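Undergrad: Take a look at run-v5.cif, mmCIF, N, CA and C atoms:
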data_input
#
loop_
_atom_site.label_atom_id
_atom_site.label_comp_id
_atom_site.auth_asym_id
_atom_site.auth_seq_id
_atom_site.Cartn_x
_atom_site.Cartn_y
_atom_site.Cartn_z
N ASN B 1 -12.65 -5.30 132.78
CA ASN B 1 -13.54 -6.30 133.35
C ASN B 1 -12.87 -7.01 134.51
N VAL B 2 -13.66 -7.26 135.54
CA VAL B 2 -13.17 -7.98 136.71
C VAL B 2 -13.44 -9.46 136.50
N VAL B 3 -12.42 -10.27 136.71
CA VAL B 3 -12.58 -11.72 136.60
C VAL B 3 -12.70 -12.28 138.00
N LEU B 4 -13.81 -12.94 138.29
CA LEU B 4 -14.01 -13.56 139.59
C LEU B 4 -13.58 -15.01 139.53
N VAL B 5 -12.90 -15.45 140.54
CA VAL B 5 -12.44 -16.82 140.63
C VAL B 5 -13.56 -17.67 141.21
N GLU B 6 -13.82 -18.81 140.62
CA GLU B 6 -14.81 -19.74 141.16
C GLU B 6 -14.28 -20.31 142.46
N ARG B 7 -15.11 -20.27 143.51
CA ARG B 7 -14.67 -20.78 144.80
C ARG B 7 -15.88 -21.12 145.64
N GLU B 8 -15.61 -21.91 146.68
CA GLU B 8 -16.64 -22.26 147.65
C GLU B 8 -17.13 -20.98 148.33
N GLU B 9 -18.43 -20.87 148.54
CA GLU B 9 -18.99 -19.68 149.19
C GLU B 9 -18.71 -19.73 150.69
N LYS B 10 -17.65 -19.09 151.08
CA LYS B 10 -17.22 -19.03 152.47
C LYS B 10 -16.44 -17.74 152.64
N PRO B 11 -16.64 -17.01 153.73
CA PRO B 11 -15.89 -15.76 153.89
C PRO B 11 -14.38 -15.99 153.88
N LEU B 12 -13.67 -15.01 153.39
CA LEU B 12 -12.21 -15.03 153.43
C LEU B 12 -11.74 -14.18 154.59
N ARG B 13 -10.55 -14.46 155.07
CA ARG B 13 -9.95 -13.70 156.16
C ARG B 13 -8.61 -13.19 155.65
N ILE B 14 -8.47 -11.88 155.59
CA ILE B 14 -7.20 -11.29 155.14
C ILE B 14 -6.52 -10.63 156.33
N CYS B 15 -5.23 -10.35 156.18
CA CYS B 15 -4.46 -9.81 157.28
C CYS B 15 -3.49 -8.74 156.77
N ARG B 16 -3.36 -7.68 157.55
CA ARG B 16 -2.37 -6.64 157.30
C ARG B 16 -1.55 -6.50 158.57
N GLN B 17 -0.23 -6.37 158.45
CA GLN B 17 0.66 -6.38 159.60
C GLN B 17 1.32 -5.01 159.79
N TYR B 18 1.48 -4.62 161.07
CA TYR B 18 2.10 -3.36 161.45
C TYR B 18 3.07 -3.60 162.60
N LYS B 19 4.04 -2.70 162.77
CA LYS B 19 5.02 -2.84 163.84
C LYS B 19 5.13 -1.51 164.58
N PHE B 20 5.25 -1.60 165.90
CA PHE B 20 5.51 -0.40 166.69
C PHE B 20 6.29 -0.77 167.93
N ASP B 21 6.99 0.21 168.49
CA ASP B 21 7.78 0.04 169.70
C ASP B 21 7.22 0.95 170.77
N SER B 22 7.06 0.40 171.97
CA SER B 22 6.52 1.18 173.09
C SER B 22 7.15 0.73 174.38
N ALA B 23 7.08 1.62 175.37
CA ALA B 23 7.54 1.30 176.72
C ALA B 23 6.34 1.17 177.64
N HIS B 24 6.49 0.32 178.65
CA HIS B 24 5.45 0.21 179.66
C HIS B 24 6.03 -0.43 180.92
N ARG B 25 5.22 -0.41 181.93
CA ARG B 25 5.44 -1.19 183.13
C ARG B 25 4.07 -1.57 183.61
N LEU B 26 3.98 -2.70 184.29
CA LEU B 26 2.67 -3.18 184.75
C LEU B 26 2.50 -2.85 186.22
N PRO B 27 1.47 -2.08 186.57
CA PRO B 27 1.33 -1.59 187.93
C PRO B 27 0.76 -2.61 188.93
N PHE B 28 0.17 -3.68 188.46
CA PHE B 28 -0.52 -4.59 189.37
C PHE B 28 0.16 -5.95 189.54
N VAL B 29 1.43 -6.03 189.17
CA VAL B 29 2.18 -7.27 189.39
C VAL B 29 2.85 -7.20 190.76
N PRO B 30 3.23 -8.34 191.33
CA PRO B 30 3.85 -8.33 192.67
C PRO B 30 5.18 -7.58 192.67
N ASP B 31 5.55 -7.07 193.84
CA ASP B 31 6.86 -6.43 194.00
C ASP B 31 7.94 -7.39 193.54
N GLY B 32 8.93 -6.89 192.83
CA GLY B 32 10.03 -7.72 192.36
C GLY B 32 9.77 -8.37 191.02
N HIS B 33 8.54 -8.36 190.51
CA HIS B 33 8.24 -8.93 189.20
C HIS B 33 8.94 -8.08 188.14
N LYS B 34 9.57 -8.73 187.16
CA LYS B 34 10.35 -7.98 186.17
C LYS B 34 9.50 -6.97 185.39
N CYS B 35 8.21 -7.24 185.23
CA CYS B 35 7.36 -6.33 184.46
C CYS B 35 6.92 -5.11 185.26
N SER B 36 7.30 -5.06 186.55
CA SER B 36 6.99 -3.86 187.34
C SER B 36 7.96 -2.73 187.02
N ARG B 37 9.07 -3.08 186.39
CA ARG B 37 10.06 -2.07 186.00
C ARG B 37 9.77 -1.58 184.57
N LEU B 38 10.15 -0.35 184.32
CA LEU B 38 9.97 0.22 182.99
C LEU B 38 10.80 -0.58 181.99
N HIS B 39 10.15 -0.98 180.90
CA HIS B 39 10.83 -1.73 179.84
C HIS B 39 10.06 -1.52 178.53
N GLY B 40 10.64 -1.98 177.45
CA GLY B 40 10.01 -1.79 176.15
C GLY B 40 9.83 -3.08 175.39
N HIS B 41 8.97 -3.02 174.40
CA HIS B 41 8.71 -4.16 173.52
C HIS B 41 8.59 -3.67 172.08
N THR B 42 8.93 -4.54 171.17
CA THR B 42 8.54 -4.37 169.79
C THR B 42 7.26 -5.17 169.63
N TYR B 43 6.20 -4.49 169.25
CA TYR B 43 4.90 -5.13 169.05
C TYR B 43 4.65 -5.31 167.56
N ILE B 44 4.06 -6.44 167.22
CA ILE B 44 3.57 -6.67 165.87
C ILE B 44 2.06 -6.76 165.96
N LEU B 45 1.38 -5.90 165.23
CA LEU B 45 -0.07 -5.89 165.20
C LEU B 45 -0.52 -6.48 163.86
N GLU B 46 -1.32 -7.50 163.93
CA GLU B 46 -1.94 -8.08 162.74
C GLU B 46 -3.42 -7.75 162.79
N VAL B 47 -3.90 -7.09 161.75
CA VAL B 47 -5.31 -6.74 161.66
C VAL B 47 -5.96 -7.64 160.62
N PHE B 48 -6.99 -8.35 161.05
CA PHE B 48 -7.70 -9.30 160.21
C PHE B 48 -9.06 -8.72 159.84
N VAL B 49 -9.45 -8.94 158.59
CA VAL B 49 -10.78 -8.56 158.14
C VAL B 49 -11.38 -9.76 157.43
N GLU B 50 -12.59 -10.12 157.83
CA GLU B 50 -13.27 -11.26 157.23
C GLU B 50 -14.44 -10.76 156.39
N GLY B 51 -14.63 -11.39 155.24
CA GLY B 51 -15.75 -11.01 154.39
C GLY B 51 -15.74 -11.74 153.07
N GLU B 52 -16.70 -11.39 152.27
CA GLU B 52 -16.81 -11.96 150.93
C GLU B 52 -16.00 -11.13 149.94
N ILE B 53 -15.60 -11.74 148.87
CA ILE B 53 -14.92 -11.02 147.80
C ILE B 53 -15.92 -10.09 147.13
N ASN B 54 -15.54 -8.81 147.00
CA ASN B 54 -16.45 -7.84 146.38
C ASN B 54 -16.24 -7.81 144.86
N ASP B 55 -16.93 -6.89 144.21
CA ASP B 55 -16.86 -6.83 142.74
C ASP B 55 -15.50 -6.36 142.23
N LYS B 56 -14.64 -5.84 143.12
CA LYS B 56 -13.27 -5.48 142.73
C LYS B 56 -12.33 -6.67 142.86
N GLY B 57 -12.80 -7.74 143.49
CA GLY B 57 -11.98 -8.94 143.63
C GLY B 57 -11.27 -9.06 144.96
N TRP B 58 -11.62 -8.22 145.93
CA TRP B 58 -10.98 -8.29 147.24
C TRP B 58 -12.01 -8.18 148.35
N VAL B 59 -11.60 -8.54 149.56
CA VAL B 59 -12.45 -8.38 150.73
C VAL B 59 -12.49 -6.92 151.14
N ILE B 60 -11.33 -6.30 151.19
CA ILE B 60 -11.17 -4.87 151.47
C ILE B 60 -9.81 -4.47 150.92
N ASP B 61 -9.70 -3.26 150.46
CA ASP B 61 -8.42 -2.74 149.97
C ASP B 61 -7.47 -2.60 151.16
N PHE B 62 -6.27 -3.16 151.06
CA PHE B 62 -5.29 -3.03 152.14
C PHE B 62 -5.04 -1.56 152.48
N ALA B 63 -5.10 -0.69 151.49
CA ALA B 63 -4.91 0.74 151.74
C ALA B 63 -6.01 1.29 152.65
N ASP B 64 -7.22 0.75 152.55
CA ASP B 64 -8.32 1.19 153.42
C ASP B 64 -8.08 0.75 154.87
N ILE B 65 -7.43 -0.37 155.06
CA ILE B 65 -7.06 -0.80 156.41
C ILE B 65 -6.00 0.16 156.96
N ASP B 66 -5.02 0.51 156.13
CA ASP B 66 -3.98 1.46 156.55
C ASP B 66 -4.57 2.78 157.02
N VAL B 67 -5.58 3.28 156.33
CA VAL B 67 -6.20 4.56 156.68
C VAL B 67 -6.73 4.52 158.11
N VAL B 68 -7.24 3.39 158.53
CA VAL B 68 -7.81 3.23 159.87
C VAL B 68 -6.73 2.94 160.91
N VAL B 69 -5.78 2.06 160.57
CA VAL B 69 -4.84 1.54 161.56
C VAL B 69 -3.64 2.47 161.79
N LYS B 70 -3.13 3.09 160.76
CA LYS B 70 -1.92 3.91 160.94
C LYS B 70 -2.10 5.04 161.97
N PRO B 71 -3.24 5.71 162.04
CA PRO B 71 -3.39 6.71 163.11
C PRO B 71 -3.40 6.09 164.51
N ILE B 72 -3.89 4.88 164.64
CA ILE B 72 -3.86 4.18 165.93
C ILE B 72 -2.42 3.86 166.31
N ILE B 73 -1.66 3.34 165.36
CA ILE B 73 -0.25 3.02 165.59
C ILE B 73 0.52 4.28 165.99
N LYS B 74 0.20 5.39 165.35
CA LYS B 74 0.89 6.65 165.64
C LYS B 74 0.70 7.06 167.10
N GLN B 75 -0.43 6.71 167.70
CA GLN B 75 -0.69 7.02 169.10
C GLN B 75 0.13 6.15 170.05
N LEU B 76 0.62 5.00 169.57
CA LEU B 76 1.32 4.03 170.42
C LEU B 76 2.83 4.00 170.20
N ASP B 77 3.27 4.26 168.98
CA ASP B 77 4.68 4.06 168.62
C ASP B 77 5.59 5.04 169.35
N HIS B 78 6.55 4.48 170.08
CA HIS B 78 7.55 5.23 170.84
C HIS B 78 6.92 6.11 171.93
N TYR B 79 5.86 5.57 172.56
CA TYR B 79 5.23 6.22 173.71
C TYR B 79 5.29 5.32 174.93
N TYR B 80 5.16 5.94 176.08
CA TYR B 80 5.02 5.23 177.35
C TYR B 80 3.53 4.92 177.49
N LEU B 81 3.17 3.66 177.34
CA LEU B 81 1.77 3.27 177.22
C LEU B 81 0.92 3.62 178.43
N LYS B 82 1.53 3.60 179.61
CA LYS B 82 0.77 3.89 180.82
C LYS B 82 0.21 5.31 180.83
N GLU B 83 0.77 6.19 180.03
CA GLU B 83 0.31 7.58 179.96
C GLU B 83 -0.81 7.80 178.96
N ILE B 84 -1.19 6.75 178.23
CA ILE B 84 -2.26 6.86 177.24
C ILE B 84 -3.58 6.53 177.92
N SER B 85 -4.56 7.40 177.74
CA SER B 85 -5.87 7.21 178.36
C SER B 85 -6.46 5.86 177.95
N GLY B 86 -6.83 5.07 178.95
CA GLY B 86 -7.38 3.74 178.71
C GLY B 86 -6.34 2.65 178.80
N LEU B 87 -5.07 3.01 178.92
CA LEU B 87 -4.00 2.01 179.01
C LEU B 87 -3.21 2.16 180.31
N GLU B 88 -3.89 2.50 181.39
CA GLU B 88 -3.21 2.65 182.66
C GLU B 88 -2.63 1.33 183.16
N ASN B 89 -3.18 0.21 182.72
CA ASN B 89 -2.64 -1.13 182.99
C ASN B 89 -2.34 -1.78 181.64
N PRO B 90 -1.20 -1.43 181.02
CA PRO B 90 -0.94 -1.78 179.63
C PRO B 90 -0.43 -3.20 179.41
N THR B 91 -1.25 -4.17 179.78
CA THR B 91 -0.94 -5.56 179.45
C THR B 91 -1.19 -5.77 177.96
N ALA B 92 -0.66 -6.83 177.39
CA ALA B 92 -0.91 -7.12 175.98
C ALA B 92 -2.41 -7.26 175.73
N GLU B 93 -3.11 -7.87 176.67
CA GLU B 93 -4.56 -8.05 176.52
C GLU B 93 -5.27 -6.71 176.45
N ASN B 94 -4.92 -5.80 177.37
CA ASN B 94 -5.57 -4.49 177.39
C ASN B 94 -5.20 -3.65 176.17
N ILE B 95 -3.98 -3.77 175.70
CA ILE B 95 -3.57 -3.03 174.50
C ILE B 95 -4.37 -3.53 173.29
N ALA B 96 -4.51 -4.85 173.17
CA ALA B 96 -5.28 -5.42 172.05
C ALA B 96 -6.73 -4.96 172.07
N VAL B 97 -7.35 -4.97 173.25
CA VAL B 97 -8.73 -4.52 173.36
C VAL B 97 -8.83 -3.03 173.06
N TRP B 98 -7.87 -2.24 173.53
CA TRP B 98 -7.84 -0.80 173.26
C TRP B 98 -7.81 -0.55 171.76
N ILE B 99 -6.96 -1.30 171.04
CA ILE B 99 -6.88 -1.16 169.58
C ILE B 99 -8.19 -1.58 168.94
N LYS B 100 -8.70 -2.74 169.34
CA LYS B 100 -9.94 -3.28 168.74
C LYS B 100 -11.09 -2.28 168.86
N THR B 101 -11.21 -1.59 170.01
CA THR B 101 -12.32 -0.66 170.20
C THR B 101 -12.20 0.57 169.30
N ARG B 102 -11.05 0.77 168.71
CA ARG B 102 -10.85 1.92 167.83
C ARG B 102 -11.01 1.55 166.35
N LEU B 103 -11.26 0.30 166.07
CA LEU B 103 -11.48 -0.13 164.69
C LEU B 103 -12.95 0.06 164.33
N PRO B 104 -13.23 0.43 163.08
CA PRO B 104 -14.57 0.90 162.73
C PRO B 104 -15.61 -0.17 162.44
N ASP B 105 -15.22 -1.41 162.40
CA ASP B 105 -16.12 -2.43 161.85
C ASP B 105 -15.96 -3.71 162.65
N THR B 106 -17.06 -4.40 162.88
CA THR B 106 -16.99 -5.67 163.62
C THR B 106 -16.29 -6.76 162.82
N ARG B 107 -16.07 -6.56 161.52
CA ARG B 107 -15.32 -7.55 160.73
C ARG B 107 -13.83 -7.52 161.05
N PHE B 108 -13.37 -6.49 161.75
CA PHE B 108 -11.96 -6.33 162.08
C PHE B 108 -11.64 -7.07 163.39
N ASP B 109 -10.57 -7.84 163.38
CA ASP B 109 -10.03 -8.46 164.59
C ASP B 109 -8.54 -8.17 164.63
N VAL B 110 -7.95 -8.34 165.82
CA VAL B 110 -6.52 -8.10 165.94
C VAL B 110 -5.81 -9.26 166.62
N ARG B 111 -4.58 -9.42 166.25
CA ARG B 111 -3.62 -10.27 166.96
C ARG B 111 -2.45 -9.36 167.28
N LEU B 112 -2.13 -9.25 168.55
CA LEU B 112 -1.04 -8.39 168.98
C LEU B 112 0.07 -9.24 169.56
N TRP B 113 1.23 -9.21 168.91
CA TRP B 113 2.42 -9.91 169.37
C TRP B 113 3.20 -8.98 170.28
N GLU B 114 3.56 -9.47 171.46
CA GLU B 114 4.47 -8.75 172.35
C GLU B 114 5.79 -9.51 172.28
N GLY B 115 6.70 -9.00 171.46
CA GLY B 115 7.92 -9.75 171.17
C GLY B 115 7.61 -10.84 170.16
N THR B 116 8.42 -11.91 170.18
CA THR B 116 8.29 -12.97 169.17
C THR B 116 7.65 -14.25 169.69
N LYS B 117 7.36 -14.31 170.98
CA LYS B 117 6.85 -15.56 171.54
C LYS B 117 5.43 -15.50 172.07
N SER B 118 4.88 -14.32 172.25
CA SER B 118 3.58 -14.21 172.92
C SER B 118 2.65 -13.28 172.16
N TYR B 119 1.39 -13.71 172.05
CA TYR B 119 0.40 -12.85 171.43
C TYR B 119 -0.96 -13.03 172.06
N VAL B 120 -1.84 -12.07 171.78
CA VAL B 120 -3.23 -12.11 172.21
C VAL B 120 -4.09 -11.80 170.99
N GLU B 121 -5.24 -12.45 170.93
CA GLU B 121 -6.19 -12.21 169.83
C GLU B 121 -7.52 -11.71 170.38
N THR B 122 -8.15 -10.83 169.62
CA THR B 122 -9.50 -10.39 170.00
C THR B 122 -10.52 -11.23 169.26
#
Show the structure stored in the file as structure tokens.
TA:
Amino acid sequence: NVVLVEREEKPLRICRQYKFDSAHRLPFVPDGHKCSRLHGHTYILEVFVEGEINDKGWVIDFADIDVVVKPIIKQLDHYYLKEISGLENPTAENIAVWIKTRLPDTRFDVRLWEGTKSYVET
């Protein structure tokens, strides 16, 4: 038997975190800008799903998020992002949108950390 916890009727927001490393350079920055040179980042991707608790007691199984997100990460991890179709200008903003468009459900949102100080949210 599933035991449901009494709670206020409000959607919950859960998060699953992933890490990948990629190289890029930004083609549209001014000459001499440090990001015009090839460099790499460790990215942290947080995938959020909002919804109601289902009859199993969760919003979504974390393993079901993995099924969707891990193939996306595989396309990015240890690659030169500028060579990936749709990421010719691989800013953190464009990478986050690229990831978001590959998620199957409008309940999914992303926060993409570029290093430890900067992030973008969809």
Undergrad: Residues near Phe62 in chain B, anyone? I mean within 8 Å using all atoms listed in the file, not counting same-chain ones fewer than 4 positions away, as JSON, numbers by chain.
TA: {"B": [15, 16, 58, 66, 67]}
Undergrad: What residues have an atom no more than 9 Å from (5.8, -3.7, 160.3) in the file's own frame, counting only C-alpha atoms, and can you write them as a VMD selection string?
TA: chain B and resid 17 to 20 43 to 45
Undergrad: Of the candidates B:Ile53, B:Thr42, B:Trp98, B:Ile60, which one gets nearest to Glu114 in chain B if we count all atoms listed in the file?
TA: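 Closest residue, counting all atoms listed in the file: B:Thr42.
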Undergrad: Starting from 6 Å padding per side, set up an axis-aligned box that covers all listed atoms of range 42-50 of chain B and hand over centre and edge lengths in Å, one decimal, as AutoDock Vina command-line options.
TA:
--center_x -2.8 --center_y -7.8 --center_z 163.8 --size_x 35.4 --size_y 18.9 --size_z 26.8
Undergrad: As number ranges by chain, please: all residues of range 49-90 of chain B that backbone DSSP puts in helix (DSSP H, G or I).
TA: B: 62-76, 81-83
Undergrad: What lies within 10 Å of His39 in chain B using only C-alpha atoms, ignoring chain neighbours under 5 positions off, as a compact mmCIF listing (two decimals) with N, CA and C atoms, in the coordinates of the input?
TA:
# COMPACT_ATOMS: atom_id res chain seq x y z
N SER B 22 7.06 0.40 171.97
CA SER B 22 6.52 1.18 173.09
C SER B 22 7.15 0.73 174.38
N ALA B 23 7.08 1.62 175.37
CA ALA B 23 7.54 1.30 176.72
C ALA B 23 6.34 1.17 177.64
N HIS B 24 6.49 0.32 178.65
CA HIS B 24 5.45 0.21 179.66
C HIS B 24 6.03 -0.43 180.92
N ARG B 25 5.22 -0.41 181.93
CA ARG B 25 5.44 -1.19 183.13
C ARG B 25 4.07 -1.57 183.61
N LEU B 26 3.98 -2.70 184.29
CA LEU B 26 2.67 -3.18 184.75
C LEU B 26 2.50 -2.85 186.22
N LYS B 34 9.57 -8.73 187.16
CA LYS B 34 10.35 -7.98 186.17
C LYS B 34 9.50 -6.97 185.39
N TYR B 80 5.16 5.94 176.08
CA TYR B 80 5.02 5.23 177.35
C TYR B 80 3.53 4.92 177.49
Undergrad: Do you have the atom C of Glu121 in chain B-CA of Glu93 in chain B distance handy?
TA: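 Atom-to-atom, atom C of Glu121 in chain B to CA of Glu93 in chain B, that is 7.7 Å.
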Undergrad: Please indicate the distance in Å from CA of His41 in chain B to atom N of Gly115 in chain B, rounded to one decimal place.
TA: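 Taking CA of His41 in chain B and atom N of Gly115 in chain B, their separation equals 5.6 Å.
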Undergrad: Could you state the separation of CA of Thr122 in chain B and CA of Lys100 in chain B in Å, given to one decimal place?
TA: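 It comes out at 7.2 Å.
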Undergrad: Set the distance at 8 Å and use all atoms listed in the file: which residues neighbour Thr106 in chain B once local chain neighbours fewer than 3 positions away are removed? I'd like the list as an mmCIF file with N, CA and C atoms, keeping the file's coordinate frame.
TA:
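Result file around_26.cif:
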data_model
loop_
_atom_site.group_PDB
_atom_site.id
_atom_site.type_symbol
_atom_site.label_atom_id
_atom_site.label_comp_id
_atom_site.auth_asym_id
_atom_site.auth_seq_id
_atom_site.Cartn_x
_atom_site.Cartn_y
_atom_site.Cartn_z
ATOM 1 N N VAL B 49 -9.450 -8.940 158.590
ATOM 2 C CA VAL B 49 -10.780 -8.560 158.140
ATOM 3 C C VAL B 49 -11.380 -9.760 157.430
ATOM 4 N N GLU B 50 -12.590 -10.120 157.830
ATOM 5 C CA GLU B 50 -13.270 -11.260 157.230
ATOM 6 C C GLU B 50 -14.440 -10.760 156.390
ATOM 7 N N LEU B 103 -11.260 0.300 166.070
ATOM 8 C CA LEU B 103 -11.480 -0.130 164.690
ATOM 9 C C LEU B 103 -12.950 0.060 164.330
ATOM 10 N N ASP B 109 -10.570 -7.840 163.380
ATOM 11 C CA ASP B 109 -10.030 -8.460 164.590
ATOM 12 C C ASP B 109 -8.540 -8.170 164.630
#
Undergrad: Any chance you could resolve the PyMOL selection byres (((chain B and resi 12 and name CA) around 6) and name CA) against this file and give the residues as a list of chain:residue names?
TA: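 Expected selection for the PyMOL selection byres (((chain B and resi 12 and name CA) around 6) and name CA) here is B:Pro11, B:Arg13, B:Glu50, B:Gly51.
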Undergrad: How would you write, as a CSV table (one decimal) with N, CA and C atoms, keeping the file's coordinate frame, the set of residues in chain B that DSSP gives as strand (DSSP E)?
TA:
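Okay, this is what ended up in selection-v1.csv:
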chain,number,residue,atom,x,y,z
B,12,LEU,N,-13.7,-15.0,153.4
B,12,LEU,CA,-12.2,-15.0,153.4
B,12,LEU,C,-11.7,-14.2,154.6
B,13,ARG,N,-10.6,-14.5,155.1
B,13,ARG,CA,-10.0,-13.7,156.2
B,13,ARG,C,-8.6,-13.2,155.6
B,14,ILE,N,-8.5,-11.9,155.6
B,14,ILE,CA,-7.2,-11.3,155.1
B,14,ILE,C,-6.5,-10.6,156.3
B,15,CYS,N,-5.2,-10.4,156.2
B,15,CYS,CA,-4.5,-9.8,157.3
B,15,CYS,C,-3.5,-8.7,156.8
B,16,ARG,N,-3.4,-7.7,157.6
B,16,ARG,CA,-2.4,-6.6,157.3
B,16,ARG,C,-1.6,-6.5,158.6
B,17,GLN,N,-0.2,-6.4,158.4
B,17,GLN,CA,0.7,-6.4,159.6
B,17,GLN,C,1.3,-5.0,159.8
B,18,TYR,N,1.5,-4.6,161.1
B,18,TYR,CA,2.1,-3.4,161.4
B,18,TYR,C,3.1,-3.6,162.6
B,19,LYS,N,4.0,-2.7,162.8
B,19,LYS,CA,5.0,-2.8,163.8
B,19,LYS,C,5.1,-1.5,164.6
B,20,PHE,N,5.2,-1.6,165.9
B,20,PHE,CA,5.5,-0.4,166.7
B,20,PHE,C,6.3,-0.8,167.9
B,21,ASP,N,7.0,0.2,168.5
B,21,ASP,CA,7.8,0.0,169.7
B,21,ASP,C,7.2,1.0,170.8
B,22,SER,N,7.1,0.4,172.0
B,22,SER,CA,6.5,1.2,173.1
B,22,SER,C,7.2,0.7,174.4
B,23,ALA,N,7.1,1.6,175.4
B,23,ALA,CA,7.5,1.3,176.7
B,23,ALA,C,6.3,1.2,177.6
B,24,HIS,N,6.5,0.3,178.6
B,24,HIS,CA,5.4,0.2,179.7
B,24,HIS,C,6.0,-0.4,180.9
B,39,HIS,N,10.2,-1.0,180.9
B,39,HIS,CA,10.8,-1.7,179.8
B,39,HIS,C,10.1,-1.5,178.5
B,40,GLY,N,10.6,-2.0,177.4
B,40,GLY,CA,10.0,-1.8,176.2
B,40,GLY,C,9.8,-3.1,175.4
B,41,HIS,N,9.0,-3.0,174.4
B,41,HIS,CA,8.7,-4.2,173.5
B,41,HIS,C,8.6,-3.7,172.1
B,42,THR,N,8.9,-4.5,171.2
B,42,THR,CA,8.5,-4.4,169.8
B,42,THR,C,7.3,-5.2,169.6
B,43,TYR,N,6.2,-4.5,169.2
B,43,TYR,CA,4.9,-5.1,169.0
B,43,TYR,C,4.6,-5.3,167.6
B,44,ILE,N,4.1,-6.4,167.2
B,44,ILE,CA,3.6,-6.7,165.9
B,44,ILE,C,2.1,-6.8,166.0
B,45,LEU,N,1.4,-5.9,165.2
B,45,LEU,CA,-0.1,-5.9,165.2
B,45,LEU,C,-0.5,-6.5,163.9
B,46,GLU,N,-1.3,-7.5,163.9
B,46,GLU,CA,-1.9,-8.1,162.7
B,46,GLU,C,-3.4,-7.8,162.8
B,47,VAL,N,-3.9,-7.1,161.8
B,47,VAL,CA,-5.3,-6.7,161.7
B,47,VAL,C,-6.0,-7.6,160.6
B,48,PHE,N,-7.0,-8.4,161.0
B,48,PHE,CA,-7.7,-9.3,160.2
B,48,PHE,C,-9.1,-8.7,159.8
B,49,VAL,N,-9.4,-8.9,158.6
B,49,VAL,CA,-10.8,-8.6,158.1
B,49,VAL,C,-11.4,-9.8,157.4
B,50,GLU,N,-12.6,-10.1,157.8
B,50,GLU,CA,-13.3,-11.3,157.2
B,50,GLU,C,-14.4,-10.8,156.4
B,51,GLY,N,-14.6,-11.4,155.2
B,51,GLY,CA,-15.8,-11.0,154.4
B,51,GLY,C,-15.7,-11.7,153.1
B,108,PHE,N,-13.4,-6.5,161.8
B,108,PHE,CA,-12.0,-6.3,162.1
B,108,PHE,C,-11.6,-7.1,163.4
B,109,ASP,N,-10.6,-7.8,163.4
B,109,ASP,CA,-10.0,-8.5,164.6
B,109,ASP,C,-8.5,-8.2,164.6
B,110,VAL,N,-8.0,-8.3,165.8
B,110,VAL,CA,-6.5,-8.1,165.9
B,110,VAL,C,-5.8,-9.3,166.6
B,111,ARG,N,-4.6,-9.4,166.2
B,111,ARG,CA,-3.6,-10.3,167.0
B,111,ARG,C,-2.4,-9.4,167.3
B,112,LEU,N,-2.1,-9.2,168.6
B,112,LEU,CA,-1.0,-8.4,169.0
B,112,LEU,C,0.1,-9.2,169.6
B,113,TRP,N,1.2,-9.2,168.9
B,113,TRP,CA,2.4,-9.9,169.4
B,113,TRP,C,3.2,-9.0,170.3
B,114,GLU,N,3.6,-9.5,171.5
B,114,GLU,CA,4.5,-8.8,172.4
B,114,GLU,C,5.8,-9.5,172.3
B,118,SER,N,4.9,-14.3,172.2
B,118,SER,CA,3.6,-14.2,172.9
B,118,SER,C,2.6,-13.3,172.2
B,119,TYR,N,1.4,-13.7,172.0
B,119,TYR,CA,0.4,-12.8,171.4
B,119,TYR,C,-1.0,-13.0,172.1
B,120,VAL,N,-1.8,-12.1,171.8
B,120,VAL,CA,-3.2,-12.1,172.2
B,120,VAL,C,-4.1,-11.8,171.0
B,121,GLU,N,-5.2,-12.4,170.9
B,121,GLU,CA,-6.2,-12.2,169.8
B,121,GLU,C,-7.5,-11.7,170.4
Undergrad: Pick from B:Val120, B:Ile73, B:Phe48, B:Leu81: nearest to Ala96 in chain B, with only N, CA and C atoms counted?
TA: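 Looking at the shortest contact to Ala96 in chain B, the residue is B:Val120.
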Undergrad: Choose the residue, out of B:His33, B:Lys70, B:Lys82, B:Lys10, that has the smallest atom-to-atom separation from Glu52 in chain B; count only N, CA and C atoms.
TA: B:Lys10
Undergrad: For each of B:Val97, B:Asn89, B:Val47, B:Asp21, take the minimum atom-to-atom distance to Asp77 in chain B, counting all atoms listed in the file, then give the residue where this is smallest.
TA: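 Under the stated criterion, the closest residue is B:Asp21.
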Undergrad: On this file, the PyMOL selection byres ((chain B and resi 27) around 7) gives some set of residues; write that set as a list of chain:residue names.
TA: B:Arg25, B:Leu26, B:Phe28, B:Val29, B:Pro30, B:Cys35, B:Ser36, B:Glu88, B:Asn89, B:Pro90
Undergrad: Of the candidates B:Ala92, B:Leu87, B:Leu112, B:Ile14, which shows the shortest atom-to-atom distance to Ile65 in chain B, using only C-alpha atoms?
TA: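 Under the stated criterion, the closest residue is B:Ile14.
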